[in-house]
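Here is final_30.pdb, consisting of PDB, C-alpha atoms:
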```pdb
ATOM      1  CA  MET A 759       0.000   0.000   0.000  1.00  0.00           C
ATOM      2  CA  LEU A 760       2.766   2.475   0.831  1.00  0.00           C
ATOM      3  CA  ASP A 761       4.663   1.820  -2.363  1.00  0.00           C
ATOM      4  CA  GLU A 762       1.653   2.756  -4.515  1.00  0.00           C
ATOM      5  CA  LYS A 763       2.115   5.851  -6.614  1.00  0.00           C
ATOM      6  CA  PRO A 764      -0.431   8.538  -5.667  1.00  0.00           C
ATOM      7  CA  ILE A 765      -2.979   9.420  -8.320  1.00  0.00           C
ATOM      8  CA  GLU A 766      -2.493  12.875  -9.708  1.00  0.00           C
ATOM      9  CA  SER A 767      -5.417  15.263  -9.593  1.00  0.00           C
ATOM     10  CA  GLY A 768      -7.329  15.426 -12.841  1.00  0.00           C
ATOM     11  CA  SER A 769      -6.659  11.746 -13.603  1.00  0.00           C
ATOM     12  CA  ASP A 770      -9.527   9.749 -15.089  1.00  0.00           C
ATOM     13  CA  GLU A 771      -8.348   6.572 -13.374  1.00  0.00           C
ATOM     14  CA  LEU A 772      -8.882   5.401  -9.832  1.00  0.00           C
ATOM     15  CA  LYS A 773      -8.001   2.131  -8.108  1.00  0.00           C
ATOM     16  CA  ASP A 774     -10.222   0.506  -5.559  1.00  0.00           C
ATOM     17  CA  GLU A 775      -9.206  -1.716  -2.668  1.00  0.00           C
ATOM     18  CA  GLU A 776      -8.731  -4.765  -4.907  1.00  0.00           C
ATOM     19  CA  ASP A 777      -6.572  -2.907  -7.452  1.00  0.00           C
ATOM     20  CA  VAL A 778      -9.375  -2.967 -10.028  1.00  0.00           C
ATOM     21  CA  LEU A 779      -9.062  -0.150 -12.499  1.00  0.00           C
ATOM     22  CA  LEU A 780     -12.077   2.156 -12.439  1.00  0.00           C
ATOM     23  CA  GLU A 781     -12.661   4.698 -15.150  1.00  0.00           C
ATOM     24  CA  GLU A 782     -14.720   7.840 -15.084  1.00  0.00           C
ATOM     25  CA  GLU A 783     -18.136   7.242 -16.608  1.00  0.00           C
ATOM     26  CA  VAL A 784     -18.466   8.713 -20.048  1.00  0.00           C
ATOM     27  CA  GLU A 785     -21.869   9.305 -21.592  1.00  0.00           C
ATOM     28  CA  PRO A 786     -22.351   7.127 -24.659  1.00  0.00           C
ATOM     29  CA  GLU A 787     -22.536   8.905 -27.971  1.00  0.00           C
ATOM     30  CA  GLN A 788     -26.129   9.356 -29.056  1.00  0.00           C
ATOM     31  CA  ILE A 789     -27.100   6.851 -31.699  1.00  0.00           C
ATOM     32  CA  LYS A 790     -29.775   8.004 -34.072  1.00  0.00           C
ATOM     33  CA  ASP A 791     -32.505   5.397 -34.055  1.00  0.00           C
ATOM     34  CA  TYR A 792     -34.911   6.237 -36.834  1.00  0.00           C
ATOM     35  CA  LYS A 793     -38.183   4.449 -37.157  1.00  0.00           C
ATOM     36  CA  HIS A 794     -39.452   4.751 -40.683  1.00  0.00           C
ATOM     37  CA  LEU A 795     -43.133   5.354 -41.158  1.00  0.00           C
ATOM     38  CA  LYS A 796     -44.976   2.582 -42.916  1.00  0.00           C
ATOM     39  CA  ALA A 797     -48.171   3.505 -44.714  1.00  0.00           C
ATOM     40  CA  ARG A 798     -50.417   1.741 -47.179  1.00  0.00           C
ATOM     41  CA  LEU A 799     -53.077   3.196 -49.447  1.00  0.00           C
ATOM     42  CA  ILE A 800     -56.096   0.974 -48.851  1.00  0.00           C
ATOM     43  CA  GLU A 801     -58.785   2.845 -50.767  1.00  0.00           C
ATOM     44  CA  GLN A 802     -58.798   5.530 -53.417  1.00  0.00           C
ATOM     45  CA  LYS A 803     -61.807   7.281 -54.878  1.00  0.00           C
ATOM     46  CA  LYS A 804     -61.957  10.593 -56.704  1.00  0.00           C
ATOM     47  CA  ASN A 805     -60.070  13.009 -54.396  1.00  0.00           C
ATOM     48  CA  SER A 806     -60.685  10.727 -51.403  1.00  0.00           C
ATOM     49  CA  TYR A 807     -58.094   8.434 -49.872  1.00  0.00           C
ATOM     50  CA  ARG A 808     -57.948   5.982 -46.975  1.00  0.00           C
ATOM     51  CA  ILE A 809     -54.421   5.355 -45.726  1.00  0.00           C
ATOM     52  CA  GLU A 810     -53.377   2.758 -43.148  1.00  0.00           C
ATOM     53  CA  PHE A 811     -50.441   3.748 -40.943  1.00  0.00           C
ATOM     54  CA  ILE A 812     -48.671   0.725 -39.484  1.00  0.00           C
ATOM     55  CA  ASP A 813     -47.857   1.114 -35.760  1.00  0.00           C
ATOM     56  CA  ALA A 814     -48.213   4.924 -35.769  1.00  0.00           C
ATOM     57  CA  SER A 815     -48.984   6.624 -32.446  1.00  0.00           C
ATOM     58  CA  HIS A 816     -51.774   9.057 -31.611  1.00  0.00           C
ATOM     59  CA  GLY A 817     -49.167  11.761 -31.077  1.00  0.00           C
ATOM     60  CA  PHE A 818     -47.715  11.412 -34.544  1.00  0.00           C
ATOM     61  CA  LEU A 819     -51.112  11.105 -36.224  1.00  0.00           C
ATOM     62  CA  ASN A 820     -52.425  14.214 -34.443  1.00  0.00           C
ATOM     63  CA  PHE A 821     -49.320  16.088 -35.554  1.00  0.00           C
ATOM     64  CA  LEU A 822     -49.711  14.872 -39.145  1.00  0.00           C
ATOM     65  CA  THR A 823     -53.446  15.658 -39.223  1.00  0.00           C
ATOM     66  CA  ASN A 824     -52.845  19.215 -37.991  1.00  0.00           C
ATOM     67  CA  ILE A 825     -50.168  19.773 -40.640  1.00  0.00           C
ATOM     68  CA  LEU A 826     -52.402  18.329 -43.378  1.00  0.00           C
ATOM     69  CA  LEU A 827     -55.354  20.516 -42.400  1.00  0.00           C
ATOM     70  CA  LYS A 828     -53.204  23.613 -42.977  1.00  0.00           C
ATOM     71  CA  GLU A 829     -52.661  22.646 -46.629  1.00  0.00           C
ATOM     72  CA  LYS A 830     -54.885  24.532 -49.103  1.00  0.00           C
ATOM     73  CA  ALA A 831     -55.525  21.402 -51.189  1.00  0.00           C
ATOM     74  CA  VAL A 832     -56.785  19.396 -48.175  1.00  0.00           C
ATOM     75  CA  GLU A 833     -60.496  19.637 -47.474  1.00  0.00           C
ATOM     76  CA  TYR A 834     -60.692  16.945 -44.798  1.00  0.00           C
ATOM     77  CA  ALA A 835     -58.177  14.933 -42.770  1.00  0.00           C
ATOM     78  CA  ALA A 836     -58.977  12.683 -39.825  1.00  0.00           C
ATOM     79  CA  TYR A 837     -57.890   9.313 -38.487  1.00  0.00           C
ATOM     80  CA  LYS A 838     -59.344   6.538 -36.420  1.00  0.00           C
ATOM     81  CA  LYS A 839     -57.214   4.363 -34.166  1.00  0.00           C
ATOM     82  CA  THR A 840     -58.569   1.413 -32.241  1.00  0.00           C
ATOM     83  CA  SER A 841     -56.886  -1.252 -30.174  1.00  0.00           C
ATOM     84  CA  LEU A 842     -57.914  -3.844 -32.752  1.00  0.00           C
ATOM     85  CA  GLY A 843     -55.893  -2.634 -35.706  1.00  0.00           C
ATOM     86  CA  ASN A 844     -53.682  -0.030 -37.291  1.00  0.00           C
ATOM     87  CA  PRO A 845     -54.927   3.555 -37.555  1.00  0.00           C
ATOM     88  CA  ILE A 846     -56.679   4.578 -40.762  1.00  0.00           C
ATOM     89  CA  MET A 847     -56.613   8.158 -42.035  1.00  0.00           C
ATOM     90  CA  THR A 848     -59.246   9.542 -44.356  1.00  0.00           C
ATOM     91  CA  LEU A 849     -57.948  12.344 -46.555  1.00  0.00           C
ATOM     92  CA  ILE A 850     -60.108  14.361 -48.950  1.00  0.00           C
ATOM     93  CA  THR A 851     -58.478  16.844 -51.312  1.00  0.00           C
ATOM     94  CA  ASP A 852     -59.702  19.383 -53.844  1.00  0.00           C
ATOM     95  CA  GLY A 853     -57.830  17.483 -56.569  1.00  0.00           C
ATOM     96  CA  SER A 854     -55.409  20.288 -57.397  1.00  0.00           C
ATOM     97  CA  VAL A 855     -52.404  18.428 -55.936  1.00  0.00           C
ATOM     98  CA  SER A 856     -51.633  14.703 -55.835  1.00  0.00           C
ATOM     99  CA  VAL A 857     -51.957  12.947 -52.483  1.00  0.00           C
ATOM    100  CA  LYS A 858     -48.321  11.877 -52.780  1.00  0.00           C
ATOM    101  CA  LYS A 859     -47.201  15.510 -53.082  1.00  0.00           C
ATOM    102  CA  ILE A 860     -49.427  16.527 -50.156  1.00  0.00           C
ATOM    103  CA  LEU A 861     -47.927  13.821 -47.911  1.00  0.00           C
ATOM    104  CA  GLN A 862     -44.375  14.691 -49.000  1.00  0.00           C
ATOM    105  CA  THR A 863     -44.974  18.359 -48.176  1.00  0.00           C
ATOM    106  CA  ALA A 864     -46.465  17.416 -44.793  1.00  0.00           C
ATOM    107  CA  GLY A 865     -43.453  15.186 -44.053  1.00  0.00           C
ATOM    108  CA  LYS A 866     -41.052  18.026 -44.839  1.00  0.00           C
ATOM    109  CA  LYS A 867     -42.998  20.428 -42.598  1.00  0.00           C
ATOM    110  CA  ILE A 868     -42.954  17.890 -39.752  1.00  0.00           C
ATOM    111  CA  ASN A 869     -39.200  17.442 -40.180  1.00  0.00           C
ATOM    112  CA  ASP A 870     -38.639  21.222 -40.197  1.00  0.00           C
ATOM    113  CA  GLU A 871     -40.742  21.713 -37.074  1.00  0.00           C
ATOM    114  CA  LEU A 872     -38.983  18.897 -35.191  1.00  0.00           C
ATOM    115  CA  ASN A 873     -35.581  20.336 -36.154  1.00  0.00           C
ATOM    116  CA  ALA A 874     -36.682  23.742 -34.823  1.00  0.00           C
ATOM    117  CA  ILE A 875     -37.756  22.132 -31.541  1.00  0.00           C
ATOM    118  CA  GLN A 876     -34.436  20.279 -31.303  1.00  0.00           C
ATOM    119  CA  ASP A 877     -32.509  23.530 -31.894  1.00  0.00           C
ATOM    120  CA  ALA A 878     -34.562  25.268 -29.186  1.00  0.00           C
ATOM    121  CA  PHE A 879     -33.725  22.515 -26.690  1.00  0.00           C
ATOM    122  CA  LYS A 880     -30.038  22.740 -27.584  1.00  0.00           C
ATOM    123  CA  THR A 881     -29.980  26.446 -26.714  1.00  0.00           C
ATOM    124  CA  VAL A 882     -31.764  25.826 -23.404  1.00  0.00           C
ATOM    125  CA  ILE A 883     -29.527  22.918 -22.384  1.00  0.00           C
ATOM    126  CA  LYS A 884     -26.224  24.734 -23.074  1.00  0.00           C
TER
END
```
Any chance you could give the structure as structure tokens?
Amino acid sequence: MLDEKPIESGSDELKDEEDVLLEEEVEPEQIKDYKHLKARLIEQKKNSYRIEFIDASHGFLNFLTNILLKEKAVEYAAYKKTSLGNPIMTLITDGSVSVKKILQTAGKKINDELNAIQDAFKTVIK
């Protein structure tokens, strides 16, 4: 014990009673875990669409519905989610824009809004 070299201040290493090397805990690097949205068009009539979203949450679907309702080409957007199956969204448009383009635009707006929220949290956490 007396012949042990003292640990200098600022060292990341410590030894316990059994001479086991302990290291300072380092937070793991954040791994981006993306869950891709799975959707399936189950019914299409003139300017009316029914889309099944596989394993989508109420939170996401509310967010998506609110974004869709702000689009000029969207006349109606609502979803139904039960415990028995995947949620189904009904989307009615005025026909001036394709449903694919409407959903792509909504996805971009969701991404932009989430990035803005992330940036706001980064400034608060600093």
What separation in Å, quoted to one decimal, exists between atom CA of A:Glu829 and atom CA of A:Lys858? 13.1 Å
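Atom CA of A:Thr863 sits 17.2 Å away from atom CA of A:Leu799.
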So which residues touch A:Glu833 within 8 Å, counting only C-alpha atoms, skipping near sequence neighbours fewer than 2 positions away, as a list in words?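 Selected residues are Leu827, Lys830, Ala831, Ala835, Leu849, Ile850, Thr851 and Asp852 of chain A.
Each of A:Val832, A:Leu842, A:Ile809, A:Val882 was checked against A:Lys859 using only C-alpha atoms; the smallest atom-to-atom distance is that of A:Val832.
Here atom CA of A:Gly853 stands at a distance of 29.2 Å from atom CA of A:Thr840.
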